[in-house]
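S.K.: For reference, the structure I am asking about is given below.
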Amino acid sequence: MTDQQQAIEKALATKAPKDVVYAFLLNSGKETVANVSKHLVAEDATYISLNFSNPELKQIEPWCGTSKGRDVYVYTFSNVGTYWNVDDFQITDILAEGETVAVFGQFTYTSVYLKNTFTSPFSIKAIVKDGLITYFQFMEDTYASAASFRASGE
């Protein structure tokens, strides 16, 4: 059994918020996010990516803003794996208090089409109830991620 599968099994057994979020992140790659979401994300979960609502940014990164539903998690994390190569993803801190989990780290992505590489810090606020993620807010260096798609211009 892989470390990724073991993390899911542990999260399912303990239902501890920290275990659930950690297992989700370990399995958030394009090939594994649908499976982990089925097990660890509530059907009506809220997902906030980068901001609450920014129509201009949504034109560049369509998953941005506030959305609801398990499918949003699959859509978002699958697109990350479609538009960027994930060169590195490091969790530096993961803290839990009650149902709330805070995660901090950094990642390095390279845009698939333009080959622009950037490194960004990230932070996550997640809420887990009864072993399922019900709220997930992801923050990163939005300028760097959007700029990785820019070929020219100001």
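Residues in the structure tokens are named by chain (A, B, ... in the order shown) and by number from 1 within that chain; ligands are numbered from 1 in the order shown.
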So that I can see what lies close to A:Thr32, please list as JSON, numbers by chain the residues with an atom at most 10 Å from it, counting only C-alpha atoms and leaving out residues fewer than 2 positions away in the same chain.
M.R.: {"A": [4, 5, 24, 26, 27, 28, 29, 30, 34, 35, 36, 37, 74, 77, 78]}
S.K.: When you look at A:Tyr109 with a cut-off of 8 Å (counting only C-alpha atoms), what residues show up, excluding the ones that are within fewer than 5 positions of it in the same chain? I need them as a tab-separated table (two decimals) with all heavy atoms, in the first residue's frame.
M.R.:
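Once everything was written out, this is selection.tsv:
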```tsv
chain	number	residue	atom	x	y	z
A	84	TRP	N	-0.42	23.17	-15.38
A	84	TRP	CA	0.94	23.26	-14.84
A	84	TRP	C	1.49	21.87	-14.56
A	84	TRP	O	0.75	20.95	-14.21
A	84	TRP	CB	0.95	24.02	-13.51
A	84	TRP	CG	0.63	25.47	-13.59
A	84	TRP	CD1	1.42	26.47	-14.09
A	84	TRP	CD2	-0.55	26.11	-13.12
A	84	TRP	NE1	0.79	27.68	-13.96
A	84	TRP	CE2	-0.43	27.48	-13.37
A	84	TRP	CE3	-1.71	25.64	-12.50
A	84	TRP	CZ2	-1.41	28.40	-13.02
A	84	TRP	CZ3	-2.69	26.55	-12.15
A	84	TRP	CH2	-2.54	27.91	-12.42
A	85	ASN	N	2.79	21.74	-14.66
A	85	ASN	CA	3.48	20.57	-14.12
A	85	ASN	C	3.81	20.93	-12.67
A	85	ASN	O	4.33	22.02	-12.39
A	85	ASN	CB	4.78	20.29	-14.88
A	85	ASN	CG	4.50	19.81	-16.28
A	85	ASN	OD1	3.61	19.00	-16.50
A	85	ASN	ND2	5.25	20.33	-17.24
A	86	VAL	N	3.47	20.04	-11.76
A	86	VAL	CA	3.77	20.26	-10.35
A	86	VAL	C	5.20	19.75	-10.12
A	86	VAL	O	5.44	18.56	-10.05
A	86	VAL	CB	2.76	19.54	-9.44
A	86	VAL	CG1	3.11	19.77	-7.98
A	86	VAL	CG2	1.34	20.02	-9.75
A	87	ASP	N	6.14	20.69	-10.03
A	87	ASP	CA	7.55	20.34	-9.86
A	87	ASP	C	7.86	20.03	-8.40
A	87	ASP	O	8.72	19.20	-8.12
A	87	ASP	CB	8.43	21.50	-10.34
A	87	ASP	CG	8.17	21.87	-11.79
A	87	ASP	OD1	7.94	20.97	-12.62
A	87	ASP	OD2	8.17	23.09	-12.08
A	88	ASP	N	7.17	20.71	-7.48
A	88	ASP	CA	7.43	20.52	-6.06
A	88	ASP	C	6.21	21.00	-5.29
A	88	ASP	O	5.58	21.99	-5.66
A	88	ASP	CB	8.67	21.31	-5.64
A	88	ASP	CG	9.10	21.03	-4.21
A	88	ASP	OD1	9.02	19.87	-3.78
A	88	ASP	OD2	9.53	21.98	-3.52
A	117	THR	N	8.13	28.94	-15.07
A	117	THR	CA	8.18	28.34	-13.74
A	117	THR	C	8.07	29.41	-12.68
A	117	THR	O	8.65	30.49	-12.81
A	117	THR	CB	9.50	27.56	-13.57
A	117	THR	OG1	9.55	26.52	-14.55
A	117	THR	CG2	9.61	26.94	-12.18
A	118	PHE	N	7.33	29.11	-11.62
A	118	PHE	CA	7.24	30.02	-10.48
A	118	PHE	C	7.13	29.20	-9.20
A	118	PHE	O	6.66	28.07	-9.21
A	118	PHE	CB	6.06	31.00	-10.62
A	118	PHE	CG	4.72	30.37	-10.45
A	118	PHE	CD1	4.04	30.46	-9.24
A	118	PHE	CD2	4.10	29.69	-11.49
A	118	PHE	CE1	2.79	29.89	-9.08
A	118	PHE	CE2	2.85	29.12	-11.34
A	118	PHE	CZ	2.19	29.22	-10.13
A	119	THR	N	7.57	29.82	-8.11
A	119	THR	CA	7.44	29.23	-6.78
A	119	THR	C	6.59	30.16	-5.95
A	119	THR	O	6.75	31.37	-6.01
A	119	THR	CB	8.83	29.04	-6.14
A	119	THR	OG1	9.59	28.15	-6.95
A	119	THR	CG2	8.71	28.47	-4.73
```
S.K.: Which parts of chain A does DSSP call alpha helix (DSSP H) when run on the backbone here, written out as a PyMOL selection string?
M.R.: chain A and resi 3-14+17-26+33-40+55-60+70-83+142-147
S.K.: Restricting the calculation to only C-alpha atoms, which member of A:Met139, A:Phe107, A:Lys115, A:Gly131 is positioned closest to A:Ala23?
M.R.: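 Under the stated criterion, the closest residue is A:Gly131.
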S.K.: Would you mind reading off the distance between atom CA of A:Thr92 and atom CA of A:Leu12, one decimal, in Å?
M.R.: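 Separation between atom CA of A:Thr92 and atom CA of A:Leu12: 23.2 Å.
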S.K.: Could you give me, as a CSV table (one decimal) with C-alpha atoms, in the first residue's frame, each residue of stretch 9-78 of chain A that DSSP assigns to strand (DSSP E or B) when run on this structure's backbone?
M.R.:
```csv
chain,number,residue,atom,x,y,z
A,41,VAL,CA,-15.0,15.8,0.7
A,42,ALA,CA,-18.7,16.5,1.5
A,43,GLU,CA,-21.1,16.6,-1.4
A,44,ASP,CA,-22.0,20.2,-0.7
A,45,ALA,CA,-18.5,21.4,0.4
A,46,THR,CA,-17.5,25.0,-0.2
A,47,TYR,CA,-14.2,25.7,-2.1
A,48,ILE,CA,-12.7,29.2,-2.3
A,49,SER,CA,-9.8,29.6,-4.6
A,65,GLY,CA,-13.6,32.4,-6.6
A,66,THR,CA,-16.2,30.6,-4.5
A,67,SER,CA,-17.9,27.4,-5.6
A,68,LYS,CA,-19.9,24.6,-4.0
```
S.K.: Between A:Val21, A:Ile133, A:Val33, A:Leu40, which has the minimum distance to A:Val103 (counting only C-alpha atoms)?
M.R.: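 Of all the options, A:Val21 lies closest to A:Val103.
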S.K.: If I take atom CA of A:Gln90 and atom CA of A:Leu50, how far is one from the other in Å, to one decimal?
M.R.: 18.5 Å
S.K.: May I have the residues within 9 Å of A:Lys129 as a list in words, using only C-alpha atoms and disregarding those fewer than 4 positions away in the same chain?
M.R.: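 Near A:Lys129, the qualifying residues are Lys15, Ala16, Pro17, Ala42, Glu99, Ile133 and Thr134 of chain A.
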S.K.: Let's have the selection written as a short mmCIF file (atom, residue, chain, number, x, y, z; two decimals), in the first residue's frame, with N, CA and C atoms.
M.R.:
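Saved as again37.cif:
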```
data_model
loop_
_atom_site.label_atom_id
_atom_site.label_comp_id
_atom_site.auth_asym_id
_atom_site.auth_seq_id
_atom_site.Cartn_x
_atom_site.Cartn_y
_atom_site.Cartn_z
N LYS A 15 -11.00 9.97 11.25
CA LYS A 15 -11.87 11.13 10.95
C LYS A 15 -11.34 12.41 11.56
N ALA A 16 -10.09 12.40 11.98
CA ALA A 16 -9.47 13.59 12.58
C ALA A 16 -9.25 14.64 11.50
N PRO A 17 -9.65 15.88 11.75
CA PRO A 17 -9.52 16.91 10.72
C PRO A 17 -8.12 17.02 10.12
N ALA A 42 -17.21 16.49 1.47
CA ALA A 42 -18.68 16.49 1.53
C ALA A 42 -19.26 16.88 0.17
N GLU A 99 -12.41 21.55 14.55
CA GLU A 99 -12.72 21.19 13.17
C GLU A 99 -11.89 21.97 12.15
N ILE A 133 -14.29 17.06 4.48
CA ILE A 133 -13.99 18.47 4.26
C ILE A 133 -15.28 19.17 3.84
N THR A 134 -15.65 20.23 4.57
CA THR A 134 -16.85 20.99 4.23
C THR A 134 -16.52 22.40 3.74
#
```
S.K.: I'd like the contact shell of A:Ser120 - 7 Å cut-off, only C-alpha atoms, skipping same-chain residues fewer than 3 positions apart - returned as a list in words.
M.R.: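 So, after excluding close chain neighbours, the residues are Gln106, Phe107, Thr108, Glu140 and Asp141 of chain A.
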S.K.: Next, the residues of the selection above should be written as a compact mmCIF listing (two decimals), in the first residue's frame with N, CA, C and O atoms.
M.R.:
```txt
# COMPACT_ATOMS: atom_id res chain seq x y z
N GLN A 106 4.83 25.59 0.38
CA GLN A 106 5.21 26.22 -0.88
C GLN A 106 5.16 25.20 -1.99
O GLN A 106 5.22 23.99 -1.75
N PHE A 107 5.01 25.70 -3.21
CA PHE A 107 5.03 24.82 -4.37
C PHE A 107 5.76 25.51 -5.51
O PHE A 107 5.90 26.74 -5.53
N THR A 108 6.22 24.70 -6.45
CA THR A 108 6.81 25.19 -7.68
C THR A 108 6.07 24.53 -8.83
O THR A 108 5.96 23.29 -8.87
N GLU A 140 -2.60 31.60 -2.57
CA GLU A 140 -1.25 31.49 -3.15
C GLU A 140 -0.87 32.85 -3.69
O GLU A 140 -1.65 33.80 -3.60
N ASP A 141 0.30 32.95 -4.30
CA ASP A 141 0.72 34.16 -5.00
C ASP A 141 -0.03 34.20 -6.33
O ASP A 141 0.42 33.65 -7.32
```
S.K.: Please report the interatomic distance between atom CA of A:Lys18 and atom CA of A:Lys38 in Å with one decimal.
M.R.: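 Atom-to-atom, atom CA of A:Lys18 and atom CA of A:Lys38 are spaced 17.7 Å apart.
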